[in-house]
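Enquirer: I have a structure here, written as structure tokens, and I will follow up with some questions on it.
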4 protein chains.
Amino acid sequence: MSHNTFGRLFRVTTWGESHGPAIGCVVDGCPPGIALSEAEIQPWLDRRRPGTSRFVTQRREPDQVRILSGVYEGVTTGTPISLLIDNQDVRSKDYAGITDVFRPGHADWTYQAKYGVRDPRGGGRSSARETAARVAAGAVARKIIAGVRVRAAVVQVGPHAVDRARWDWAEVERNAVFCPDPESVPIWEAHLDAVRKAGSSSGAVVEVEALGVPPGWGAPVHAKLDAELAGALMSINAVKGVEIGAGFASALMSGAEDVDEMRAGQDGPVFLSNHNGGVLGGISTGQPLVARIAVKPTASVSTPLRTVDRDGKDAEIRTTGRHDPCVGLRAAPVAEAVTACVLADAFLQHRAQVG
Amino acid sequence: MSHNTFGRLFRVTTWGESHGPAIGCVVDGCPPGIALSEAEIQPWLDRRRPGTSRFVTQRREPDQVRILSGVYEGVTTGTPISLLIDNQDVRSKDYAGITDVFRPGHADWTYQAKYGVRDPRGGGRSSARETAARVAAGAVARKIIAGVRVRAAVVQVGPHAVDRARWDWAEVERNAVFCPDPESVPIWEAHLDAVRKAGSSSGAVVEVEALGVPPGWGAPVHAKLDAELAGALMSINAVKGVEIGAGFASALMSGAEDVDEMRAGQDGPVFLSNHNGGVLGGISTGQPLVARIAVKPTASVSTPLRTVDRDGKDAEIRTTGRHDPCVGLRAAPVAEAVTACVLADAFLQHRAQVG
Amino acid sequence: MSHNTFGRLFRVTTWGESHGPAIGCVVDGCPPGIALSEAEIQPWLDRRRPGTSRFVTQRREPDQVRILSGVYEGVTTGTPISLLIDNQDVRSKDYAGITDVFRPGHADWTYQAKYGVRDPRGGGRSSARETAARVAAGAVARKIIAGVRVRAAVVQVGPHAVDRARWDWAEVERNAVFCPDPESVPIWEAHLDAVRKAGSSSGAVVEVEALGVPPGWGAPVHAKLDAELAGALMSINAVKGVEIGAGFASALMSGAEDVDEMRAGQDGPVFLSNHNGGVLGGISTGQPLVARIAVKPTASVSTPLRTVDRDGKDAEIRTTGRHDPCVGLRAAPVAEAVTACVLADAFLQHRAQVG
Amino acid sequence: MSHNTFGRLFRVTTWGESHGPAIGCVVDGCPPGIALSEAEIQPWLDRRRPGTSRFVTQRREPDQVRILSGVYEGVTTGTPISLLIDNQDVRSKDYAGITDVFRPGHADWTYQAKYGVRDPRGGGRSSARETAARVAAGAVARKIIAGVRVRAAVVQVGPHAVDRARWDWAEVERNAVFCPDPESVPIWEAHLDAVRKAGSSSGAVVEVEALGVPPGWGAPVHAKLDAELAGALMSINAVKGVEIGAGFASALMSGAEDVDEMRAGQDGPVFLSNHNGGVLGGISTGQPLVARIAVKPTASVSTPLRTVDRDGKDAEIRTTGRHDPCVGLRAAPVAEAVTACVLADAFLQHRAQVG
């Protein structure tokens with residue numbers, strides 16, 4: 001079974017391969033009457049666009065989105081919104097060598113094992129290029145939850161974590177590495193330059209937060225807001241871990257330390273901490289929703305790696321082609337988009353049941 | 001919206017409150033012709049049963065499961081299997097104090113904020129008692145994927161992690177704390193005794209693994225095996241983090257270190273490491289599926305905590321009632337059950353598409 | 001695959017076999033804060049209850065419903081509502097003869113062909129007894145769409161159709177055959193007595209209408225209100241046809257005759273006819289929603305019928321056991337319940353998207 | 001809520017408006033390894049294409065389909081198949097008059113009532129143009145169930161029904177009105193010419209059958225094959241009734257007449273009749289699956305009709321634009337496509353559960 005649709009009410013079906021003619025998505029369930037144009041979607045795509053700095057793949061894609069349905073005279077009509085992005089800078093010959101040899105750490109072998117057939121060009125469906133469609137969908141999601149602000153930052157590259165005391169959200173937009181800590185920027189750049197020159201790659205951690213989520217979104221048991229978010233974030237290419245609020249650190253705390261105490265506030269309780277990352281019992285508390293994801297290093301490295309070929313025999317591979325030295329960087333805008341989609345879906349679900 | 005059904009093809013709908021007359025689930029989509037009896041489900045329930053040691057809640061529930069449908073003459077018929085467990089040791093008076101005051105760190109306030117009404121007795125629907133129904137469903141799931149072995153162990157309690165060099169799966173069944181490392185057992189017991197006496201609680205980390213998953217289960221993009229697993233594990237009460245394989249540690253690695261190289265083997269490739277935890281591109285590799293979850297400390301502590309009451313005014317609460325000093329312990333059998341359900345669903349989905 | 005869940009947001013999962021210990025359902029997605037008690041559900045079950053007249057099966061079931069979850073202090077909490085009805089008058093020995101011989105016109109052979117195993121007692125899962133669970137769920141659905149009145153009547157029994165000029169809804173509650181036309185009652189009773197004495201059975205047509213559905217419920221393309229309703233009604237046992245509004249008669253009309261013209265009204269347009277049965281483009285018009293279903297005669301007749309046995313050999317069968325001479329009668333309350341469920345689901349879906 | 005996805009495992013998401021730049025669909029869940037090309041899809045589109053005879057709309061659309069994903073080197077890869085059809089002969093000015101006045105019998109008013117906004121050009125999303133995307137998806141479905149033959153014929157146009165004694169499937173391909181009875185063709189043509197010249201329109205009945213469906217497809221309760229089919233067929237534009245097998249006629253029969261008796265056969269039982277239309281208890285019997293749909297006359301007629309405008313005031317409308325005098329004709333290939341999709345989905349579901 002293939003299942004390329006996200007969501008219960010705000011539903012996004014993505015399609016497309018890395019080197020096919022185009023990629024895209026169908027966004028169904030969007031409320032009517034929302035102003036929407038290609039110009040509003042484009043900036044989000046531009047943020048994750050390849051070829052914009054030396055720290056991301058040198059593939060050059062304009063990633064120009066077209067709205068093919070669901071919008072009339074600049075306003076959503078409530079019918080499905082078809083979004084299409086042409087693939088342009090397709091250099092499939094770069095991948096000629098990987099048709100018969102499986103790249104370790106990639107999905108080459110598992111796709112072949114599952115389907116008995118695969119599109120090897122650029123990783124086909126398993127390429128991170130698919131996430132462009134999610135970013136486009138996320139731009140629509142943001143319009144639905146207009147009162148919520150979703151933003152992400154890279155908080156660790158390889159071993160180098162940001163100093164949270166220096167956190168500045170504005171800084172994230174000023175550098176090419178989505179870093180909120182100005183002093184970490186040169187450290188990361190040096191690390192990534194070294195990695196890139198060595199033909200290697202680096203892992204990263206991304207933090208995403210959503211401000212303005214009202215209390216009450218999410219639900220027991222299998223629509224828990226954090227469960228939905230964890231599943232959605234884990235579905236991003238190369239993500240190997242998800243944590244909410246204090247996450248794995250909460251295992252170290254005592255109950256009295258971990259608990260977020262409350263005091264009377266103007267509009268409901270004020271929480272004295274946010275170890276729960278804005279979710280209790282799967283339902284939003286009104287505090288910032290906070291999640292972090294671990295992104296493994298790109299498996300495409302120039303070091304020769306041991307692998308097998310289609311005949312099952314031992315082989316060796318050095319990956320060429322154009323790759324991100326740290327896919328974690330571009331995971332930031334993707335994590336934002338995915339979070340926005342989860343929240344738009346949760347909002348509609350909440351409105352359905354509670355009005 | 002409430003959404004209490006897990007799964008696409010192997011579907012489990014759980015219901016019930018902590019202090020209602022019963023809890024249970026409906027398991028739909030089970031293949032026909034599988035031998036199934038209450039006696040086969042019961043042992044799994046017994047493993048997570050409360051009242052079995054001083055480290056878990058003292059509530060005494062026999063947790064006797066009854067099969068009400070879907071099985072005829074000891075064999076599944078392909079129709080929905082209704083499983084019911086009576087609640088017996090219900091002492092709602094213990095919770096009288098929490099009707100009007102919200103316990104911080106619990107779902108009391110968020111349920112009230114969402115629904116405007118809630119069943120406060122024992123946490124109602126948000127109680128971990130719901131997981132008994134999942135364990136029952138997991139027992140059915142295990143029968144569907146008979147060639148797969150799913151097992152879990154606690155790997156960390158508070159700050160005390162196991163020494164993996166001493167890992168012994170058999171040990172997990174010999175102690176009350178699901179610990180695979182015999183030397184960690186007394187350390188954890190001392191820690192938990194101290195915590196319990198102090199009226200406090202402890203977090204934990206649980207590791208679950210599935211052996212015998214063939215290559216090819218899972219699928220792009222929103223049915224990725226790791227994405228499904230992450231969502232399902234995060235939906236367990238008190239879980240705040242999920243990682244697959246190397247998880248967050250993979251952020252620290254270089255691409256060449258992280259990648260799982262392959263060599264020719266008898267039945268397909270042999271992997272030289274398992275940093276990816278048995279999943280690549282969302283599809284199983286045939287290696288052991290490995291996940292870890294962070295479980296926060298029980299929010300029920302006897303220390304007075306600051307909170308608010310139903311009128312929104314400042315209040316103070318000391319939680320009484322019977323609670324687990326470390327919910328992470330009983331999360332082990334629950335994580336197994338949830339993983340078995342995810343795998344049964346993935347198996348059926350794979351068979352649907354690929355045959 | 002088995003799929004025993006109805007609905008997208010208002011979701012009803014039914015379970016249970018005719019001669020198992022109980023049947024029931026889990027109703028998920030119900031809004032919170034709705035007054036609900038067993039006493040409110042019971043009357044609807046009593047209307048379809050067996051053993052109430054000589055025209056329905058003589059099986060005597062009290063059909064007493066119990067609410068096991070989702071309701072606290074008489075009010076829905078937004079969590080799943082588990083409803084359970086014990087089976088009591090189980091005389092499985094009546095069915096001893098059908099374990100090895102397939103009753104033609106029933107699902108005996110198809111269940112065996114599909115699953116390779118079946119519960120033959122009373123038809124097992126394929127028995128119309130399953131509809132009791134739907135009637136219980138329908139009672140919950142009615143509370144959600146409190147402004148809508150859903151009612152059904154039998155409009156034809158065998159060849160005898162009602163005279164619509166004499167239609168009186170109050171009459172439906174006065175006779176045992178759900179007939180809105182007082183003069184048809186004795187005709188039907190005579191017909192059914194003859195059928196019953198002959199060991200035969202009769203088909204019927206049931207009409208269901210919903211008053212007070214506001215404009216705007218339903219949606220393109222696969223959530224069209226009439227498509228959802230058609231699917232749900234066709235899923236009722238023995239139903240072989242569904243029509244909306246003028247239905248098959250509309251094939252005979254010209255466009256100008258068929259079209260429902262409009263005039264300006266106080267609250268939106270007033271329609272001058274209702275050939276479309278309250279739905280245009282899959283969305284409710286605000287007019288009464290009108291559907292009719294064709295119910296085939298019970299396949300259980302005392303005439304010897306040609307069939308095959310489990311060894312695939314020719315056999316003969318005369319069905320004994322207790323059966324409805326006209327299942328169409330009890331299909332009326334079931335059609336109401338199913339329609340109420342469809343509408344509750346449509347209401348929640350509409351509220352989700354449009355607010 | 002909008003819901004434009006059909007199916008559980010074989011899932012088709014359609015998108016597009018009548019006068020937008022394109023329409024299309026995403027087909028997800030298709031098994032891998034199936035030969036598929038645009039040339040195989042095109043003939044099915046050509047059959048429902050507008051502008052091919054004087055009995056259908058004169059809009060001229062080449063309806064050229066493009067495969068944008070999911071197929072590599074002529075073979076399906078198991079990933080989503082994106083199909084796109086450009087809209088070309090868009091004459092929106094024909095519809096200028098209907099922006100402010102609602103066409104009765106169309107979805108104009110209900111879309112406006114639901115969404116508060118709509119694309120009025122050519123009916124927007126509610127146009128039968130959407131069905132081209134379904135026909136394309138149906139072509140993929142046919143490849144999945146290669147052993148099944150799905151075909152449809154018009155069996156009644158206005159009051160003129162075919163003589164079943166003269167039924168010849170080959171004839172259906174020889175005339176422009178999908179008629180299996182050569183002697184009915186001139187009668188229908190005369191009827192339709194008269195209707196067209198009068199600026200009126202005609203209803204019709206279409207019969208669809210599927211040969212070669214093995215026993216066992218479908219399932220209780222909400223995945224009954226006939227229930228799924230009824231829902232899917234009713235979702236086709238202008239359909240107002242669906243019947244399976246004997247359908248409404250079964251209401252007139254006695255149980256002994258209606259029941260399909262069985263005799264021992266080579267490969268399972270041989271049925272002596274097919275009043276149940278190939279389905280018993282929601283599961284296929286192995287006999288031909290037979291369904292009929294009632295299609296109302298096109299609501300676009302040149303007679304002045306009473307209606308209201310956007311201000312809610314009385315208005316009059318004479319529909320111009322290019323329309324089918326009998327939409328029932330082109331419903332034949334659409335009904336085939338929809339039936340093929342239902343069967344492909346049922347096949348995959350059956351394989352999932354039973355293997």
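In the structure tokens, the first chain shown is A, the next is B, and so on; residue numbers restart at 1 for each chain, and ligands run from 1 in the order shown.
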Please determine the contact residues of chain C with respect to chain B at a cut-off of 9 Å, counting only C-alpha atoms, and supply them as a ChimeraX atom specification.
Expert: /C:1-5,9-11,13-17,20-26,28-33,68-73,75-82,115-119,125,348
Enquirer: Identify, on the basis of only C-alpha atoms, every residue whose closest approach to Glu173 of chain A does not exceed 12 Å; exclude the query and any residue fewer than 2 positions from it along the same chain; express the result as number ranges by chain.
Expert: A: 47, 151-154, 168-171, 175-182, 185, 332-333
Enquirer: Any chance you could export the current selection's N, CA, C and O atoms as a compact mmCIF listing (two decimals), in the first residue's frame?
Expert:
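Saved result, part13.txt, follows:
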# COMPACT_ATOMS: atom_id res chain seq x y z
N ARG A 47 12.21 29.73 0.46
CA ARG A 47 13.04 29.49 1.65
C ARG A 47 13.69 28.11 1.63
O ARG A 47 14.74 27.92 2.21
N ARG A 151 7.19 28.80 13.27
CA ARG A 151 8.55 29.14 12.85
C ARG A 151 9.52 28.08 13.36
O ARG A 151 9.27 27.43 14.37
N ALA A 152 10.61 27.93 12.62
CA ALA A 152 11.58 26.90 12.97
C ALA A 152 12.98 27.47 12.88
O ALA A 152 13.24 28.44 12.16
N ALA A 153 13.86 26.85 13.61
CA ALA A 153 15.27 27.21 13.55
C ALA A 153 16.10 25.94 13.70
O ALA A 153 15.66 24.98 14.33
N VAL A 154 17.28 25.98 13.11
CA VAL A 154 18.22 24.89 13.36
C VAL A 154 18.88 25.18 14.70
O VAL A 154 19.30 26.31 14.95
N ASP A 168 17.77 34.61 18.96
CA ASP A 168 17.15 35.77 18.33
C ASP A 168 16.44 35.30 17.05
O ASP A 168 17.10 34.94 16.08
N TRP A 169 15.12 35.29 17.08
CA TRP A 169 14.39 34.77 15.92
C TRP A 169 14.70 35.55 14.65
O TRP A 169 14.74 34.98 13.55
N ALA A 170 14.92 36.85 14.79
CA ALA A 170 15.19 37.65 13.59
C ALA A 170 16.46 37.19 12.89
O ALA A 170 16.58 37.27 11.67
N GLU A 171 17.39 36.70 13.69
CA GLU A 171 18.66 36.24 13.14
C GLU A 171 18.47 35.08 12.14
O GLU A 171 19.24 34.94 11.19
N ASN A 175 20.75 34.59 8.12
CA ASN A 175 21.84 33.71 7.69
C ASN A 175 21.30 32.55 6.85
O ASN A 175 20.08 32.31 6.82
N ALA A 176 22.20 31.84 6.20
CA ALA A 176 21.79 30.79 5.27
C ALA A 176 21.59 29.45 5.98
O ALA A 176 21.25 28.45 5.34
N VAL A 177 21.81 29.44 7.30
CA VAL A 177 21.76 28.17 8.01
C VAL A 177 20.65 28.12 9.06
O VAL A 177 20.67 27.30 9.98
N PHE A 178 19.69 29.02 8.93
CA PHE A 178 18.49 29.02 9.78
C PHE A 178 18.88 29.03 11.27
O PHE A 178 18.23 28.38 12.09
N CYS A 179 19.92 29.78 11.60
CA CYS A 179 20.46 29.76 12.96
C CYS A 179 19.98 30.97 13.77
O CYS A 179 20.10 32.11 13.32
N PRO A 180 19.45 30.73 14.98
CA PRO A 180 18.94 31.84 15.79
C PRO A 180 20.01 32.48 16.66
O PRO A 180 19.71 33.43 17.37
N ASP A 181 21.21 31.95 16.59
CA ASP A 181 22.29 32.43 17.47
C ASP A 181 23.42 32.96 16.61
O ASP A 181 24.17 32.19 15.99
N PRO A 182 23.59 34.28 16.56
CA PRO A 182 24.57 34.86 15.64
C PRO A 182 25.97 34.28 15.82
O PRO A 182 26.68 34.10 14.84
N VAL A 185 26.67 31.00 13.93
CA VAL A 185 26.69 31.00 12.47
C VAL A 185 28.08 30.70 11.90
O VAL A 185 28.24 29.76 11.11
N ALA A 332 14.23 22.79 8.13
CA ALA A 332 13.57 23.80 8.94
C ALA A 332 12.29 24.31 8.28
O ALA A 332 11.21 24.25 8.89
N PRO A 333 12.37 24.82 7.04
CA PRO A 333 11.11 25.25 6.42
C PRO A 333 10.11 24.10 6.21
O PRO A 333 8.90 24.32 6.23
Enquirer: What's the 8 Å shell around Gly7 of chain C, counting only C-alpha atoms, without same-chain residues fewer than 4 positions away, as a ChimeraX atom specification?
Expert: /C:11-12,341-342,345
Enquirer: Using only C-alpha atoms, which of B:Ala190, B:Ala132, B:Val354, B:Val208 sits nearest Leu233 of chain B?
Expert: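 Of B:Ala190, B:Ala132, B:Val354, B:Val208, the one nearest Leu233 of chain B, counting only C-alpha atoms, is B:Val208.
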Enquirer: Counting only C-alpha atoms, figure out which residue out of D:Ser127, D:Thr319, D:Gln42, D:Ser302 gets nearest to Ile236 of chain D.
Expert: D:Ser127
Enquirer: Could you give me, as a PyMOL selection string, the residues within 12 Å of Gly97 of chain A, counting only C-alpha atoms and dropping anything in the same chain fewer than 6 positions from it?
Expert: chain A and resi 103+120-122+309-310+315-321
Enquirer: Take the residues that were just selected and, keeping C-alpha atoms, output them as a PDB file, in the first residue's frame.
Expert:
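Result written to again07.pdb:
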ATOM      1  CA  ARG A 103      23.182   3.677  -2.248  1.00  0.00           C
ATOM      2  CA  PRO A 120      16.248   5.547  -9.552  1.00  0.00           C
ATOM      3  CA  ARG A 121      16.670   9.015 -10.989  1.00  0.00           C
ATOM      4  CA  GLY A 122      17.574  11.305  -8.112  1.00  0.00           C
ATOM      5  CA  ASP A 309      24.166  -4.318  -6.517  1.00  0.00           C
ATOM      6  CA  ARG A 310      20.929  -5.483  -8.137  1.00  0.00           C
ATOM      7  CA  ALA A 315      29.798  -3.471  -4.728  1.00  0.00           C
ATOM      8  CA  GLU A 316      31.289  -0.146  -3.803  1.00  0.00           C
ATOM      9  CA  ILE A 317      29.776   3.285  -4.336  1.00  0.00           C
ATOM     10  CA  ARG A 318      30.929   6.894  -4.145  1.00  0.00           C
ATOM     11  CA  THR A 319      27.916   9.129  -4.462  1.00  0.00           C
ATOM     12  CA  THR A 320      28.194  11.931  -6.943  1.00  0.00           C
ATOM     13  CA  GLY A 321      25.273  14.123  -7.975  1.00  0.00           C
TER      14      GLY A 321
END
Enquirer: Apply DSSP to the structure's backbone, then extract all residues of segment 121-326 of chain D labelled strand (DSSP E or B) and return them as a ChimeraX atom specification.
Expert: /D:149-157,160-161,202,204-211,219,221,223,239-244,254,262-263,270-271,279-280,283-284,289-295,305-309,314-317
Enquirer: Apply DSSP to the backbone of this structure and, from segment 134-345 of chain C, keep only the residues in helix (DSSP H, G or I); write these as a PyMOL selection string.
Expert: chain C and resi 134-144+164-166+169-172+184-197+225-234+247-252+255-258+327-345
Enquirer: Would you kindly return, as a list in words, each protein, DNA or RNA residue with an atom no farther than 8 Å from any atom of segment 273-280 of chain D, considering only C-alpha atoms and excluding same-chain residues fewer than 3 positions away?
Expert: Gly105, His106, Ala107, Thr110 and Lys240 of chain C; Leu225, Asp226, Ile244, Gly245, Ala246, Gly247, Ser250, Asp258, Val259, Asp260, Glu261, Ile283, Ser284, Thr285, Gly286, Gln287, Pro288, Leu289, Val290 and Ala291 of chain D
Enquirer: By how many Å are atom CA of Ser184 of chain A and atom CA of Gln156 of chain A apart?
Expert: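 Between these atoms lies a distance of 9.1 Å.
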Enquirer: To one decimal place, how far is atom CA of Ala227 of chain D from atom CA of Glu40 of chain C in Å?
Expert: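 These atoms are spaced 29.3 Å apart.
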Enquirer: Mind checking which residues fall within 7 Å of Val65 of chain A, counting only C-alpha atoms, ignoring those fewer than 5 positions away in the same chain, and posting them as a list in words?
Expert: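 Contacts, in chain order: Glu38, Gln42, Leu83, Leu84 and Ile85 of chain A.
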